[in-house]
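Undergrad: Just so it is clear, I am handing over target_34.txt, which has compact mmCIF, N, CA and C atoms.
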# COMPACT_ATOMS: atom_id res chain seq x y z
N MET U 299 -14.53 4.12 -8.15
CA MET U 299 -13.17 3.64 -8.03
C MET U 299 -12.89 3.13 -6.62
N TYR U 300 -13.34 3.87 -5.61
CA TYR U 300 -13.06 3.44 -4.25
C TYR U 300 -13.76 2.14 -3.91
N SER U 301 -14.96 1.94 -4.44
CA SER U 301 -15.65 0.69 -4.14
C SER U 301 -14.91 -0.50 -4.75
N LYS U 302 -14.32 -0.32 -5.93
CA LYS U 302 -13.55 -1.40 -6.53
C LYS U 302 -12.30 -1.69 -5.69
N LEU U 303 -11.65 -0.63 -5.19
CA LEU U 303 -10.49 -0.85 -4.34
C LEU U 303 -10.88 -1.57 -3.07
N GLY U 304 -12.00 -1.17 -2.48
CA GLY U 304 -12.45 -1.82 -1.26
C GLY U 304 -12.78 -3.29 -1.49
N LEU U 305 -13.46 -3.56 -2.60
CA LEU U 305 -13.78 -4.94 -2.94
C LEU U 305 -12.51 -5.74 -3.18
N ALA U 306 -11.57 -5.15 -3.91
CA ALA U 306 -10.31 -5.85 -4.17
C ALA U 306 -9.58 -6.16 -2.88
N GLN U 307 -9.57 -5.18 -1.99
CA GLN U 307 -8.87 -5.38 -0.72
C GLN U 307 -9.55 -6.47 0.09
N TRP U 308 -10.87 -6.43 0.17
CA TRP U 308 -11.59 -7.41 0.97
C TRP U 308 -11.55 -8.79 0.35
N ARG U 309 -11.77 -8.85 -0.96
CA ARG U 309 -11.95 -10.13 -1.61
C ARG U 309 -10.65 -10.87 -1.90
N THR U 310 -9.66 -10.17 -2.44
CA THR U 310 -8.48 -10.89 -2.87
C THR U 310 -7.26 -10.68 -2.00
N CYS U 311 -7.18 -9.58 -1.31
CA CYS U 311 -6.00 -9.36 -0.48
C CYS U 311 -5.96 -10.31 0.70
N ARG U 312 -7.11 -10.62 1.21
CA ARG U 312 -7.13 -11.51 2.36
C ARG U 312 -7.01 -12.97 1.95
N HIS U 313 -7.43 -13.29 0.75
CA HIS U 313 -7.46 -14.69 0.35
C HIS U 313 -6.47 -15.06 -0.73
N GLY U 314 -6.05 -14.10 -1.52
CA GLY U 314 -5.08 -14.39 -2.57
C GLY U 314 -5.71 -14.83 -3.87
N TYR U 315 -4.91 -14.90 -4.87
CA TYR U 315 -5.36 -15.17 -6.24
C TYR U 315 -6.04 -16.53 -6.37
N ARG U 316 -5.57 -17.53 -5.68
CA ARG U 316 -6.10 -18.87 -5.89
C ARG U 316 -7.57 -18.98 -5.49
N TYR U 317 -8.06 -18.07 -4.64
CA TYR U 317 -9.47 -18.08 -4.26
C TYR U 317 -10.31 -17.16 -5.12
N ALA U 318 -9.68 -16.38 -5.98
CA ALA U 318 -10.42 -15.48 -6.87
C ALA U 318 -9.81 -15.52 -8.26
N PRO U 319 -9.87 -16.68 -8.92
CA PRO U 319 -9.23 -16.79 -10.23
C PRO U 319 -9.86 -15.90 -11.29
N GLU U 320 -11.09 -15.44 -11.07
CA GLU U 320 -11.72 -14.55 -12.05
C GLU U 320 -11.22 -13.12 -11.92
N ALA U 321 -10.44 -12.82 -10.91
CA ALA U 321 -9.90 -11.48 -10.74
C ALA U 321 -8.95 -11.15 -11.89
N TRP U 322 -8.94 -9.88 -12.30
CA TRP U 322 -8.10 -9.45 -13.41
C TRP U 322 -6.63 -9.44 -13.03
N ALA U 323 -6.33 -9.30 -11.76
CA ALA U 323 -4.94 -9.19 -11.32
C ALA U 323 -4.78 -9.88 -9.97
N TYR U 324 -3.54 -10.02 -9.58
CA TYR U 324 -3.20 -10.53 -8.25
C TYR U 324 -3.08 -9.32 -7.35
N TYR U 325 -4.04 -9.12 -6.45
CA TYR U 325 -4.10 -7.93 -5.61
C TYR U 325 -3.49 -8.20 -4.25
N LEU U 326 -2.77 -7.23 -3.76
CA LEU U 326 -2.17 -7.32 -2.43
C LEU U 326 -2.36 -6.00 -1.69
N PRO U 327 -2.51 -6.06 -0.38
CA PRO U 327 -2.56 -4.82 0.38
C PRO U 327 -1.17 -4.22 0.47
N MET U 328 -1.11 -2.90 0.37
CA MET U 328 0.17 -2.20 0.58
C MET U 328 0.17 -1.81 2.06
N LYS U 329 0.72 -2.69 2.89
CA LYS U 329 0.60 -2.49 4.33
C LYS U 329 1.95 -2.31 5.00
N THR U 330 1.89 -1.53 6.06
CA THR U 330 3.04 -1.38 6.94
C THR U 330 2.70 -2.16 8.21
N ALA U 331 3.47 -1.95 9.24
CA ALA U 331 3.22 -2.70 10.48
C ALA U 331 1.85 -2.41 11.08
N ASP U 332 1.35 -1.18 10.89
CA ASP U 332 0.10 -0.81 11.57
C ASP U 332 -1.02 -0.31 10.67
N THR U 333 -0.77 -0.07 9.38
CA THR U 333 -1.82 0.45 8.51
C THR U 333 -1.73 -0.14 7.10
N VAL U 334 -2.84 -0.05 6.41
CA VAL U 334 -2.88 -0.40 4.99
C VAL U 334 -2.89 0.91 4.22
N LYS U 335 -1.92 1.11 3.36
CA LYS U 335 -1.78 2.35 2.61
C LYS U 335 -2.53 2.33 1.28
N GLY U 336 -2.87 1.16 0.80
CA GLY U 336 -3.58 1.04 -0.46
C GLY U 336 -3.58 -0.40 -0.93
N VAL U 337 -3.93 -0.58 -2.18
CA VAL U 337 -3.96 -1.90 -2.79
C VAL U 337 -3.20 -1.82 -4.11
N VAL U 338 -2.40 -2.83 -4.39
CA VAL U 338 -1.68 -2.89 -5.66
C VAL U 338 -2.08 -4.18 -6.36
N GLY U 339 -2.24 -4.08 -7.67
CA GLY U 339 -2.59 -5.26 -8.45
C GLY U 339 -1.51 -5.55 -9.49
N PHE U 340 -1.16 -6.80 -9.61
CA PHE U 340 -0.19 -7.25 -10.60
C PHE U 340 -0.92 -8.14 -11.60
N HIS U 341 -0.83 -7.79 -12.88
CA HIS U 341 -1.48 -8.57 -13.92
C HIS U 341 -0.43 -9.35 -14.70
N PHE U 342 -0.67 -10.64 -14.87
CA PHE U 342 0.24 -11.50 -15.61
C PHE U 342 -0.53 -12.25 -16.68
N ASP U 343 0.09 -12.46 -17.82
CA ASP U 343 -0.54 -13.22 -18.89
C ASP U 343 -0.71 -14.68 -18.51
N ASN U 344 0.24 -15.23 -17.78
CA ASN U 344 0.20 -16.63 -17.34
C ASN U 344 0.37 -16.71 -15.83
N PRO U 345 -0.66 -16.34 -15.06
CA PRO U 345 -0.49 -16.31 -13.60
C PRO U 345 -0.15 -17.66 -12.99
N GLU U 346 -0.61 -18.75 -13.60
CA GLU U 346 -0.33 -20.07 -13.04
C GLU U 346 1.17 -20.37 -13.05
N GLN U 347 1.87 -19.85 -14.05
CA GLN U 347 3.31 -20.06 -14.15
C GLN U 347 4.10 -19.08 -13.31
N ILE U 348 3.61 -17.86 -13.20
CA ILE U 348 4.34 -16.79 -12.52
C ILE U 348 4.15 -16.85 -11.00
N LEU U 349 2.93 -17.14 -10.56
CA LEU U 349 2.62 -17.04 -9.13
C LEU U 349 3.02 -18.29 -8.35
N THR U 350 4.29 -18.57 -8.37
CA THR U 350 4.83 -19.65 -7.54
C THR U 350 4.94 -19.13 -6.11
N PRO U 351 5.06 -19.99 -5.12
CA PRO U 351 5.22 -19.53 -3.75
C PRO U 351 6.41 -18.57 -3.58
N GLU U 352 7.49 -18.84 -4.27
CA GLU U 352 8.67 -17.98 -4.17
C GLU U 352 8.39 -16.60 -4.77
N ASN U 353 7.73 -16.58 -5.93
CA ASN U 353 7.42 -15.30 -6.56
C ASN U 353 6.39 -14.50 -5.77
N LYS U 354 5.47 -15.19 -5.10
CA LYS U 354 4.49 -14.49 -4.26
C LYS U 354 5.21 -13.74 -3.12
N ILE U 355 6.26 -14.33 -2.60
CA ILE U 355 7.04 -13.66 -1.54
C ILE U 355 7.69 -12.39 -2.10
N VAL U 356 8.25 -12.48 -3.29
CA VAL U 356 8.88 -11.32 -3.92
C VAL U 356 7.84 -10.24 -4.20
N ILE U 357 6.69 -10.62 -4.73
CA ILE U 357 5.64 -9.66 -5.05
C ILE U 357 5.11 -9.00 -3.78
N ASP U 358 4.94 -9.78 -2.72
CA ASP U 358 4.51 -9.23 -1.43
C ASP U 358 5.54 -8.22 -0.91
N THR U 359 6.80 -8.52 -1.08
CA THR U 359 7.86 -7.60 -0.65
C THR U 359 7.78 -6.29 -1.42
N ILE U 360 7.52 -6.37 -2.72
CA ILE U 360 7.37 -5.16 -3.53
C ILE U 360 6.21 -4.31 -3.02
N ALA U 361 5.08 -4.95 -2.70
CA ALA U 361 3.92 -4.23 -2.18
C ALA U 361 4.24 -3.57 -0.84
N ARG U 362 4.94 -4.27 0.02
CA ARG U 362 5.30 -3.69 1.33
C ARG U 362 6.29 -2.54 1.19
N LEU U 363 7.24 -2.67 0.27
CA LEU U 363 8.18 -1.57 0.05
C LEU U 363 7.47 -0.34 -0.50
N GLY U 364 6.49 -0.56 -1.36
CA GLY U 364 5.68 0.56 -1.86
C GLY U 364 4.94 1.25 -0.72
N ALA U 365 4.38 0.47 0.19
CA ALA U 365 3.68 1.04 1.35
C ALA U 365 4.63 1.85 2.22
N LEU U 366 5.82 1.34 2.43
CA LEU U 366 6.81 2.08 3.22
C LEU U 366 7.21 3.39 2.54
N ALA U 367 7.32 3.36 1.23
CA ALA U 367 7.64 4.58 0.49
C ALA U 367 6.52 5.61 0.63
N ILE U 368 5.28 5.17 0.52
CA ILE U 368 4.14 6.07 0.71
C ILE U 368 4.13 6.64 2.12
N GLU U 369 4.37 5.80 3.10
CA GLU U 369 4.41 6.25 4.49
C GLU U 369 5.52 7.27 4.71
N ARG U 370 6.65 7.01 4.11
CA ARG U 370 7.80 7.91 4.28
C ARG U 370 7.53 9.32 3.75
N ILE U 371 6.81 9.41 2.63
CA ILE U 371 6.53 10.74 2.07
C ILE U 371 5.25 11.34 2.65
N GLY U 372 4.61 10.59 3.56
CA GLY U 372 3.44 11.12 4.26
C GLY U 372 2.14 10.92 3.52
N GLY U 373 2.08 9.96 2.65
CA GLY U 373 0.86 9.72 1.88
C GLY U 373 -0.15 8.89 2.60
N LYS U 374 -1.45 9.10 2.23
CA LYS U 374 -2.59 8.35 2.75
C LYS U 374 -2.60 8.22 4.26
N GLU U 375 -2.70 9.34 4.89
CA GLU U 375 -2.72 9.39 6.36
C GLU U 375 -4.06 8.91 6.88
Could the structure of this file be written out as structure tokens, please?
TA:
Amino acid sequence: MYSKLGLAQWRTCRHGYRYAPEAWAYYLPMKTADTVKGVVGFHFDNPEQILTPENKIVIDTIARLGALAIERIGGKE
């Protein structure tokens, strides 16, 4: 499991969905200002329609809010 998370983080979080269309989901790092708390993947039936630039901003915000929530409760130190 950890190797898949590491691969997802390295391969798709840095480059985004458009560079890894074979990926099962749109993966993003759950990051705060100084650390990465994890990786979150969003799966869509029609990613070409859903992953507009505007929606990518919203999805990135969701990932960052999740990271802040994890940080707040003291997770993944």
Undergrad: In Å, how far is it from atom N of Pro351 of chain U to atom C of Gly336 of chain U?
TA: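 Answer for the atom N of Pro351 of chain U to atom C of Gly336 of chain U separation: 21.8 Å.
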Undergrad: One decimal, in Å: what's the spacing between atom CA of Leu363 of chain U and atom N of Lys329 of chain U?
TA: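 It comes out at 8.1 Å.
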Undergrad: With distances taken over only C-alpha atoms, which residue among U:Ile371, U:Val356, U:Ala365, U:Leu349 lies nearest Ala323 of chain U?
TA: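 For Ala323 of chain U, the nearest of the candidates is U:Leu349.
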Undergrad: Determine, counting only C-alpha atoms, which protein, DNA and RNA residues have an atom within 10 Å of an atom of His341 of chain U; residues of the same chain fewer than 5 positions away are not included. Present the result as a count of residues only.
TA: 5
Undergrad: Measuring between all atoms listed in the file, which one of U:Ile355, U:Thr350, U:Asn344, U:Ala361 shows the shortest distance to Met328 of chain U?
TA: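 Comparing U:Ile355, U:Thr350, U:Asn344, U:Ala361 against Met328 of chain U, the winner is U:Ala361.
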